[in-house]
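Q: See coords_4.txt below, with compact mmCIF, C-alpha atoms.
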```
# COMPACT_ATOMS: atom_id res chain seq x y z
CA MET A 1 -66.23 -258.69 -75.50
CA MET A 2 -68.34 -259.43 -72.47
CA LEU A 3 -67.77 -261.91 -69.67
CA ILE A 4 -71.20 -263.40 -69.00
CA PRO A 5 -71.85 -265.19 -65.70
CA CYS A 6 -73.53 -268.51 -66.44
CA PRO A 7 -75.29 -269.63 -63.25
CA TRP A 8 -73.97 -273.16 -63.82
CA CYS A 9 -70.53 -272.80 -65.45
CA GLY A 10 -69.37 -269.47 -64.05
CA PRO A 11 -68.10 -266.49 -66.04
CA ARG A 12 -67.50 -267.34 -69.69
CA ASN A 13 -66.59 -265.60 -72.89
CA GLU A 14 -69.46 -263.93 -74.80
CA VAL A 15 -68.84 -266.08 -77.92
CA GLU A 16 -70.04 -269.15 -76.02
CA PHE A 17 -73.53 -267.66 -75.67
CA HIS A 18 -76.65 -267.15 -77.74
CA TYR A 19 -78.74 -264.03 -77.13
CA GLY A 20 -82.44 -264.46 -76.40
CA GLY A 21 -83.69 -260.89 -76.12
CA GLN A 22 -85.94 -259.36 -73.52
CA ALA A 23 -86.90 -261.58 -70.61
CA ASP A 24 -90.38 -262.09 -69.20
CA VAL A 25 -92.35 -261.51 -72.41
CA ALA A 26 -95.61 -263.26 -71.62
CA CYS A 27 -97.40 -265.14 -74.39
CA PRO A 28 -101.13 -264.34 -74.43
CA ARG A 29 -102.98 -267.13 -72.64
CA ASP A 30 -105.50 -267.53 -75.44
CA PRO A 31 -103.91 -266.50 -78.77
CA ASP A 32 -107.29 -266.77 -80.54
CA ALA A 33 -108.86 -264.22 -78.22
CA VAL A 34 -106.44 -261.35 -78.85
CA SER A 35 -106.70 -258.83 -81.69
CA ASP A 36 -104.16 -258.69 -84.50
CA ALA A 37 -102.73 -255.52 -83.01
CA GLU A 38 -102.27 -257.14 -79.60
CA TRP A 39 -100.72 -260.23 -81.17
CA ALA A 40 -98.32 -258.08 -83.20
CA ARG A 41 -97.41 -256.19 -80.04
CA PHE A 42 -96.55 -259.49 -78.33
CA LEU A 43 -94.56 -260.77 -81.31
CA PHE A 44 -92.60 -257.73 -82.40
CA PHE A 45 -92.55 -255.03 -79.71
CA ARG A 46 -89.66 -255.08 -77.26
CA ALA A 47 -88.30 -252.59 -74.79
CA ASN A 48 -85.11 -250.81 -75.84
CA PRO A 49 -83.93 -249.07 -72.69
CA MET A 50 -80.79 -247.05 -72.18
CA GLY A 51 -79.69 -248.61 -68.91
CA ALA A 52 -80.69 -251.75 -67.05
CA PHE A 53 -82.30 -254.41 -69.20
CA THR A 54 -83.45 -257.88 -68.13
CA GLU A 55 -82.62 -260.35 -70.85
CA ARG A 56 -82.26 -264.03 -71.70
CA TRP A 57 -79.05 -265.78 -72.68
CA MET A 58 -78.28 -269.40 -73.51
CA HIS A 59 -74.91 -271.00 -72.82
CA ARG A 60 -74.64 -272.60 -76.27
CA ALA A 61 -71.09 -273.96 -76.02
CA GLY A 62 -71.43 -275.00 -72.39
CA CYS A 63 -74.32 -276.37 -70.36
CA ARG A 64 -76.92 -275.28 -72.98
CA ARG A 65 -79.21 -273.79 -70.34
CA TRP A 66 -81.26 -270.60 -70.66
CA PHE A 67 -80.91 -268.06 -67.90
CA THR A 68 -81.72 -264.45 -67.11
CA VAL A 69 -79.30 -261.62 -66.42
CA ARG A 70 -79.66 -257.89 -65.92
CA ARG A 71 -77.34 -255.99 -68.24
CA ASP A 72 -76.74 -252.27 -68.42
CA THR A 73 -77.01 -251.44 -72.11
CA VAL A 74 -74.69 -248.45 -71.69
CA THR A 75 -71.86 -249.88 -69.60
CA HIS A 76 -72.40 -253.61 -70.29
CA GLU A 77 -72.23 -254.19 -66.57
CA ILE A 78 -73.95 -257.53 -65.98
CA ARG A 79 -75.60 -258.61 -62.80
CA PRO A 80 -76.92 -262.18 -62.57
CA VAL A 81 -80.57 -262.20 -61.58
CA GLY A 82 -79.56 -264.74 -58.95
CA ALA A 83 -77.90 -268.11 -59.41
CA GLU A 84 -79.92 -269.65 -56.63
CA GLN A 85 -83.14 -268.41 -58.16
CA GLU A 86 -82.03 -269.68 -61.57
CA ARG A 87 -81.33 -273.10 -60.10
CA ALA A 88 -84.78 -273.15 -58.56
CA VAL A 89 -86.55 -272.57 -61.88
CA THR A 90 -84.27 -274.70 -64.08
CA VAL A 91 -83.95 -278.01 -62.27
CA MET B 1 -70.64 -312.03 -100.52
CA THR B 2 -70.56 -309.76 -97.52
CA ALA B 3 -67.97 -307.15 -96.71
CA ASP B 4 -65.95 -307.66 -93.57
CA LEU B 5 -67.08 -305.37 -90.80
CA TYR B 6 -64.35 -303.22 -89.34
CA GLY B 7 -64.14 -300.39 -86.88
CA ALA B 8 -61.80 -297.44 -87.12
CA SER B 9 -61.66 -294.69 -84.54
CA PRO B 10 -62.19 -291.11 -85.81
CA LEU B 11 -58.49 -290.31 -85.45
CA ALA B 12 -57.02 -293.60 -86.68
CA ALA B 13 -55.85 -291.77 -89.80
CA ARG B 14 -54.05 -289.15 -87.66
CA ALA B 15 -52.36 -291.52 -85.20
CA ASP B 16 -48.96 -291.35 -86.92
CA ALA B 17 -49.07 -287.59 -87.36
CA LEU B 18 -50.02 -287.08 -83.70
CA ALA B 19 -47.18 -289.38 -82.57
CA ARG B 20 -44.72 -287.51 -84.80
CA HIS B 21 -45.67 -284.18 -83.25
CA SER B 22 -45.56 -285.45 -79.68
CA ALA B 23 -42.41 -284.67 -77.76
CA PRO B 24 -42.92 -286.32 -74.39
CA GLU B 25 -39.39 -285.77 -73.10
CA GLY B 26 -38.22 -282.74 -71.17
CA VAL B 27 -39.95 -279.69 -69.81
CA GLN B 28 -40.99 -278.64 -73.32
CA GLY B 29 -42.86 -281.87 -73.72
CA VAL B 30 -46.37 -282.36 -74.88
CA ARG B 31 -47.87 -285.64 -75.92
CA ILE B 32 -51.01 -285.90 -78.06
CA ALA B 33 -52.76 -289.20 -78.66
CA GLU B 34 -56.26 -290.48 -79.20
CA VAL B 35 -58.02 -292.48 -76.50
CA PRO B 36 -60.36 -294.39 -78.81
CA PHE B 37 -63.51 -296.41 -78.27
CA THR B 38 -64.30 -295.43 -74.68
CA ALA B 39 -67.82 -296.20 -73.47
CA GLN B 40 -69.83 -293.01 -73.00
CA VAL B 41 -73.35 -292.91 -71.65
CA ALA B 42 -75.36 -289.70 -71.35
CA LEU B 43 -77.53 -289.45 -68.27
CA ARG B 44 -80.37 -287.02 -67.55
CA VAL B 45 -82.21 -287.19 -64.25
CA ASP B 46 -83.55 -284.85 -61.56
CA PRO B 47 -80.62 -284.49 -59.11
CA ARG B 48 -82.98 -284.06 -56.16
CA GLY B 49 -85.01 -287.24 -56.75
CA GLY B 50 -84.56 -290.76 -55.41
CA ALA B 51 -83.43 -291.98 -58.83
CA ALA B 52 -80.27 -289.83 -58.66
CA GLU B 53 -79.44 -291.40 -55.30
CA ARG B 54 -80.05 -294.92 -56.62
CA ILE B 55 -77.80 -294.21 -59.61
CA GLY B 56 -75.09 -292.89 -57.30
CA THR B 57 -75.27 -296.08 -55.25
CA ALA B 58 -75.20 -298.28 -58.37
CA LEU B 59 -72.15 -296.46 -59.76
CA GLY B 60 -70.34 -296.40 -56.43
CA ALA B 61 -70.02 -292.61 -56.36
CA ALA B 62 -72.61 -289.90 -55.87
CA LEU B 63 -73.43 -287.88 -59.00
CA PRO B 64 -71.43 -284.62 -58.93
CA GLY B 65 -73.72 -281.88 -57.63
CA ARG B 66 -72.40 -279.11 -59.88
CA PRO B 67 -71.56 -278.91 -63.56
CA GLY B 68 -67.77 -279.01 -63.89
CA GLN B 69 -67.25 -281.49 -61.08
CA VAL B 70 -66.12 -285.05 -61.78
CA ALA B 71 -66.66 -288.20 -59.71
CA ARG B 72 -64.24 -291.07 -60.14
CA THR B 73 -64.57 -294.77 -59.31
CA ASP B 74 -62.48 -297.79 -60.34
CA ARG B 75 -64.73 -298.39 -63.33
CA VAL B 76 -66.12 -295.05 -64.42
CA LEU B 77 -65.71 -291.29 -64.56
CA VAL B 78 -68.86 -289.23 -64.09
CA LEU B 79 -68.65 -285.76 -65.61
CA GLY B 80 -71.16 -283.12 -64.51
CA LEU B 81 -72.25 -281.38 -67.73
CA GLY B 82 -75.33 -279.49 -66.59
CA PRO B 83 -77.65 -279.12 -63.61
CA ASP B 84 -79.42 -282.37 -64.52
CA GLU B 85 -77.02 -283.87 -67.04
CA TRP B 86 -74.00 -286.14 -66.70
CA LEU B 87 -71.66 -288.10 -68.94
CA VAL B 88 -70.57 -291.51 -67.64
CA VAL B 89 -67.29 -292.66 -69.17
CA GLY B 90 -66.05 -296.24 -68.96
CA SER B 91 -63.55 -298.46 -70.70
CA GLU B 92 -64.03 -299.96 -74.13
CA GLY B 93 -66.92 -302.40 -74.44
CA THR B 94 -68.63 -301.51 -71.16
CA ALA B 95 -71.34 -299.30 -72.68
CA PRO B 96 -74.15 -301.93 -72.71
CA GLU B 97 -73.35 -302.92 -69.13
CA LEU B 98 -73.27 -299.26 -68.00
CA GLN B 99 -76.53 -298.60 -69.79
CA ASP B 100 -78.16 -301.59 -68.08
CA THR B 101 -76.87 -300.51 -64.65
CA LEU B 102 -78.11 -296.95 -65.09
CA THR B 103 -81.48 -297.94 -66.57
CA ALA B 104 -82.08 -300.39 -63.73
CA ALA B 105 -81.19 -297.73 -61.15
CA LEU B 106 -83.40 -295.17 -62.89
CA ASP B 107 -86.21 -297.67 -62.41
CA GLY B 108 -88.79 -295.90 -64.56
CA ALA B 109 -88.22 -292.45 -63.05
CA HIS B 110 -88.32 -289.45 -65.40
CA GLY B 111 -84.91 -289.35 -67.06
CA ALA B 112 -82.81 -290.64 -69.91
CA VAL B 113 -79.92 -293.06 -70.35
CA VAL B 114 -78.42 -293.01 -73.84
CA ASP B 115 -75.31 -294.70 -75.23
CA VAL B 116 -73.39 -291.87 -76.95
CA SER B 117 -70.06 -293.69 -77.29
CA ALA B 118 -69.92 -292.97 -81.02
CA HIS B 119 -70.69 -289.29 -80.51
CA ARG B 120 -67.28 -288.20 -79.27
CA THR B 121 -63.75 -289.43 -79.28
CA ILE B 122 -61.09 -288.37 -76.80
CA VAL B 123 -57.80 -286.64 -77.52
CA ARG B 124 -55.36 -286.94 -74.65
CA VAL B 125 -53.07 -283.94 -74.32
CA SER B 126 -50.46 -284.41 -71.61
CA GLY B 127 -47.06 -283.18 -70.54
CA PRO B 128 -45.62 -279.99 -69.02
CA LYS B 129 -46.65 -277.89 -72.04
CA ALA B 130 -50.16 -279.32 -72.39
CA ARG B 131 -51.74 -276.35 -70.64
CA ASP B 132 -49.99 -273.81 -72.86
CA LEU B 133 -50.92 -275.75 -75.98
CA LEU B 134 -54.63 -275.87 -75.09
CA ASN B 135 -54.63 -272.23 -74.02
CA THR B 136 -53.57 -271.15 -77.51
CA GLY B 137 -57.12 -272.03 -78.59
CA CYS B 138 -59.16 -271.89 -75.41
CA ALA B 139 -60.01 -268.84 -73.29
CA LEU B 140 -60.57 -270.75 -70.05
CA ASP B 141 -58.07 -270.35 -67.24
CA LEU B 142 -56.51 -273.83 -67.03
CA HIS B 143 -54.16 -273.05 -64.14
CA PRO B 144 -54.32 -275.88 -61.54
CA ARG B 145 -55.57 -273.40 -58.92
CA VAL B 146 -58.67 -272.79 -61.05
CA PHE B 147 -59.00 -275.94 -63.14
CA GLY B 148 -57.53 -278.79 -61.12
CA ALA B 149 -57.70 -282.56 -61.20
CA ASP B 150 -61.15 -284.07 -61.60
CA GLN B 151 -62.67 -280.93 -63.02
CA CYS B 152 -64.33 -280.64 -66.40
CA ALA B 153 -65.74 -277.86 -68.56
CA GLN B 154 -67.70 -277.65 -71.76
CA THR B 155 -66.21 -274.88 -73.84
CA LEU B 156 -64.71 -273.99 -77.21
CA LEU B 157 -61.26 -275.14 -78.28
CA ALA B 158 -60.16 -273.64 -81.60
CA ARG B 159 -63.86 -272.83 -82.17
CA ALA B 160 -64.84 -276.50 -81.83
CA ALA B 161 -67.20 -277.47 -79.01
CA VAL B 162 -65.36 -279.75 -76.60
CA ILE B 163 -65.48 -281.11 -73.07
CA LEU B 164 -62.19 -280.51 -71.29
CA LEU B 165 -61.34 -282.89 -68.48
CA CYS B 166 -58.34 -282.37 -66.22
CA ARG B 167 -57.14 -285.77 -64.98
CA GLU B 168 -53.86 -284.79 -63.38
CA THR B 169 -52.19 -281.44 -62.78
CA ASP B 170 -48.52 -282.40 -62.38
CA PRO B 171 -47.63 -283.25 -65.06
CA ALA B 172 -50.72 -281.90 -66.75
CA ASP B 173 -52.96 -284.54 -68.27
CA PHE B 174 -56.09 -283.45 -70.13
CA TRP B 175 -58.73 -285.39 -71.97
CA VAL B 176 -60.41 -283.41 -74.73
CA PHE B 177 -63.77 -284.91 -75.71
CA VAL B 178 -64.56 -283.84 -79.26
CA ARG B 179 -67.33 -284.76 -81.65
CA ALA B 180 -66.24 -287.46 -84.09
CA SER B 181 -66.81 -285.25 -87.12
CA TYR B 182 -64.68 -282.45 -85.61
CA ALA B 183 -61.91 -284.77 -84.44
CA ARG B 184 -59.67 -284.59 -87.49
CA TYR B 185 -60.02 -280.82 -87.65
CA LEU B 186 -59.05 -280.56 -83.99
CA ALA B 187 -56.15 -283.00 -84.40
CA ASP B 188 -54.83 -280.97 -87.34
CA TRP B 189 -55.23 -277.78 -85.33
CA LEU B 190 -53.34 -279.29 -82.36
CA ILE B 191 -50.52 -280.45 -84.65
CA ASP B 192 -50.32 -276.97 -86.11
CA ALA B 193 -50.33 -275.45 -82.62
CA THR B 194 -47.39 -277.60 -81.47
CA GLU B 195 -45.33 -276.20 -84.34
CA PHE B 196 -46.43 -272.66 -83.59
CA ASP B 197 -45.51 -273.15 -79.96
CA GLY B 198 -42.02 -274.22 -81.01
```
Represent the supplied structure as structure tokens.

A:
Amino acid sequence: MMLIPCPWCGPRNEVEFHYGGQADVACPRDPDAVSDAEWARFLFFRANPMGAFTERWMHRAGCRRWFTVRRDTVTHEIRPVGAEQERAVTV
Amino acid sequence: MTADLYGASPLAARADALARHSAPEGVQGVRIAEVPFTAQVALRVDPRGGAAERIGTALGAALPGRPGQVARTDRVLVLGLGPDEWLVVGSEGTAPELQDTLTAALDGAHGAVVDVSAHRTIVRVSGPKARDLLNTGCALDLHPRVFGADQCAQTLLARAAVILLCRETDPADFWVFVRASYARYLADWLIDATEFDG
């Protein structure tokens, strides 16, 4: 069980959250202009690092906001990307 | 022939059972009862804009700046639910008036004012053992040092999504906002938990 720091509600139990996968996956600006291979790469290919991973979470049972954290996939140590920064992009 | 219109609160059918399982006397006491038909209005607005300030002035208390904080006036409670989301709670029958006040103060700015009174009902859990009872189904630390008067939290209680509001700490007095369709489940769970707790 992980304690995930929601930038709005503080540290909460993992069961309150929904996982959103890798953060910062950019959608191609013009989907019609990319090849099938490039589109498939955008849709299905994700990093799977052993170590620090930047990922999205949503506080489903709380404030229902998406936010980004950096989690170590080996130790589950979680570092918030920055509550202040999160506030700047959310509100 | 038309049927007579009637209103029943979500926990009207559990009122007797809740009263039976309430033991308000003594240090072991916990009292569970529904607070039905409160006016609840959901508010979304940019907290940094002029509209948020106008709404604060109209309500008589500034909107809480952080989720989890609660502002209190004679007429309303304002619960901070998210960075740009609040729940305004008033007494029975005041929802249209609250909605008008908030809509007028919003004055066309980007935001939303919605009457959600029928969305949730409130279960009041009070007494010296209230904290222990809630903590049998909720992982939040409810100790007064951490979760004191005029603080709220959206979380899970017995796997049901609720808003917990601490009104007083000594003796403990909590309001549990629960969706109407989950209310009877939660009431049954609370009754069961009082027996488990002894």

Q: Check the smallest atom-to-atom distance from each of A:Arg41, A:Arg29, A:Arg79, A:Arg46 to Phe67 in chain A using only C-alpha atoms, then report the winner.

A: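 Between A:Arg41, A:Arg29, A:Arg79, A:Arg46, the residue approaching Phe67 in chain A most closely is A:Arg79.
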
Q: Pick out the chain A residues within 7 Å of chain B. Count all atoms listed in the file. Give them as a list of chain:residue names.

A: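 Residues satisfying the distance criterion: A:Trp8, A:Cys9, A:Ala61, A:Gly62, A:Cys63, A:Val91.
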
Q: Give me, as an MDAnalysis selection string, all polymer residues having an atom no more than 7 Å from Ile4 in chain A, counting only C-alpha atoms and skipping those fewer than 5 positions away in the same chain.

A: chainID A and resid 11:14

Q: Write out as a PyMOL selection string which residues come within 9 Å of range 143-148 of chain B when counting all atoms listed in the file, dropping same-chain ones fewer than 3 positions away.

A: chain B and resi 131+140+151-153+166-170+172

Q: Pick from A:Arg70, A:Met2, A:Val34, A:Gly10: nearest to Gln22 in chain A, with all atoms listed in the file counted?

A: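 For Gln22 in chain A, the nearest of the given residues is A:Arg70.
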
Q: Which residue gives the smallest distance to Pro7 in chain A among A:Pro31, A:Pro80, A:Gly21, A:Gly51, with all atoms listed in the file counted?

A: A:Pro80

Q: Name all residues at most 12 Å from Arg54 in chain B (count all atoms listed in the file; drop same-chain ones fewer than 2 positions away) and give them as a list in words.

A: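 Contacts, with the query itself left out: Val45, Asp46, Pro47, Arg48, Gly49, Gly50, Ala51, Ala52, Gly56, Thr57, Ala58, Leu59, Gly60, Ala61, Ala62, Leu63, Thr101, Leu102, Thr103, Ala104, Ala105, Leu106, Asp107, Gly108 and Ala109 of chain B.
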
Q: Pick out the residues sitting within 12 Å of Phe53 in chain A, and hand them over as a list of chain:residue names; count all atoms listed in the file, and ignore anything fewer than 6 positions along from it in its own chain.

A: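 What passes the distance filter is A:Gly21, A:Gln22, A:Ala23, A:Asp24, A:Arg46, A:Ala47, A:Thr68, A:Val69, A:Arg70, A:Arg71, A:Asp72, A:Thr73, A:Val74, A:Thr75, A:His76, A:Glu77, A:Ile78, A:Arg79, A:Pro80, A:Val81.
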
Q: Mind listing whatever residues come within 6 Å of the point (-77.1, -274.0, -72.4)? Use only C-alpha atoms, file coordinates, and give them as a list of chain:residue names.

A: A:Met58, A:His59, A:Arg60, A:Gly62, A:Cys63, A:Arg64, A:Arg65, A:Trp66

Q: Would you mind listing what lies within 6 Å of range 28-37 of chain B as a CSV table (one decimal) with C-alpha atoms, in the coordinates of the input, with only C-alpha atoms counted and same-chain residues fewer than 2 positions away left out?

A:
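Written file, around13.csv:
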```csv
chain,number,residue,atom,x,y,z
B,9,SER,CA,-61.7,-294.7,-84.5
B,18,LEU,CA,-50.0,-287.1,-83.7
B,22,SER,CA,-45.6,-285.4,-79.7
B,23,ALA,CA,-42.4,-284.7,-77.8
B,24,PRO,CA,-42.9,-286.3,-74.4
B,25,GLU,CA,-39.4,-285.8,-73.1
B,26,GLY,CA,-38.2,-282.7,-71.2
B,92,GLU,CA,-64.0,-300.0,-74.1
B,122,ILE,CA,-61.1,-288.4,-76.8
B,123,VAL,CA,-57.8,-286.6,-77.5
B,124,ARG,CA,-55.4,-286.9,-74.6
B,125,VAL,CA,-53.1,-283.9,-74.3
B,126,SER,CA,-50.5,-284.4,-71.6
B,127,GLY,CA,-47.1,-283.2,-70.5
B,128,PRO,CA,-45.6,-280.0,-69.0
B,129,LYS,CA,-46.6,-277.9,-72.0
B,130,ALA,CA,-50.2,-279.3,-72.4
```

Q: Nearest residue to Gly20 in chain A out of A:Cys6, A:Asp32, A:Arg56, A:Pro49, using all atoms listed in the file?

A: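 Among A:Cys6, A:Asp32, A:Arg56, A:Pro49, it is A:Arg56 that comes nearest to Gly20 in chain A.
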
Q: Considering all atoms listed in the file, state which residue in the set B:Leu134, B:Leu87, B:Val78, B:Ala13 is at the smallest distance from Asp150 in chain B.

A: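 Ranking B:Leu134, B:Leu87, B:Val78, B:Ala13 by distance to Asp150 in chain B, first place goes to B:Val78.
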
Q: Have a look at B:Thr94, B:Gln40, B:Thr2, B:Gln69 and name the one nearest to Leu165 in chain B; count all atoms listed in the file.

A: B:Gln69

Q: In Å, with one decimal, what is the gap from CA of Trp57 in chain A to CA of Leu43 in chain A?

A: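 That distance, rounded to one decimal, is 18.4 Å.
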
Q: Take every atom of range 174-192 of chain B listed in the file, pad by 6 Å on each side, and give me the axis-aligned box centre and edge lengths in Å, one decimal, as AutoDock Vina command-line options.

A:
```
--center_x -58.8 --center_y -282.2 --center_z -78.9 --size_x 29.0 --size_y 22.5 --size_z 29.5
```

Q: Figure out the distance between CA of Val15 in chain A and CA of Arg14 in chain B, please, to one decimal in Å.

A: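 Separation between CA of Arg14 in chain B and CA of Val15 in chain A: 29.1 Å.
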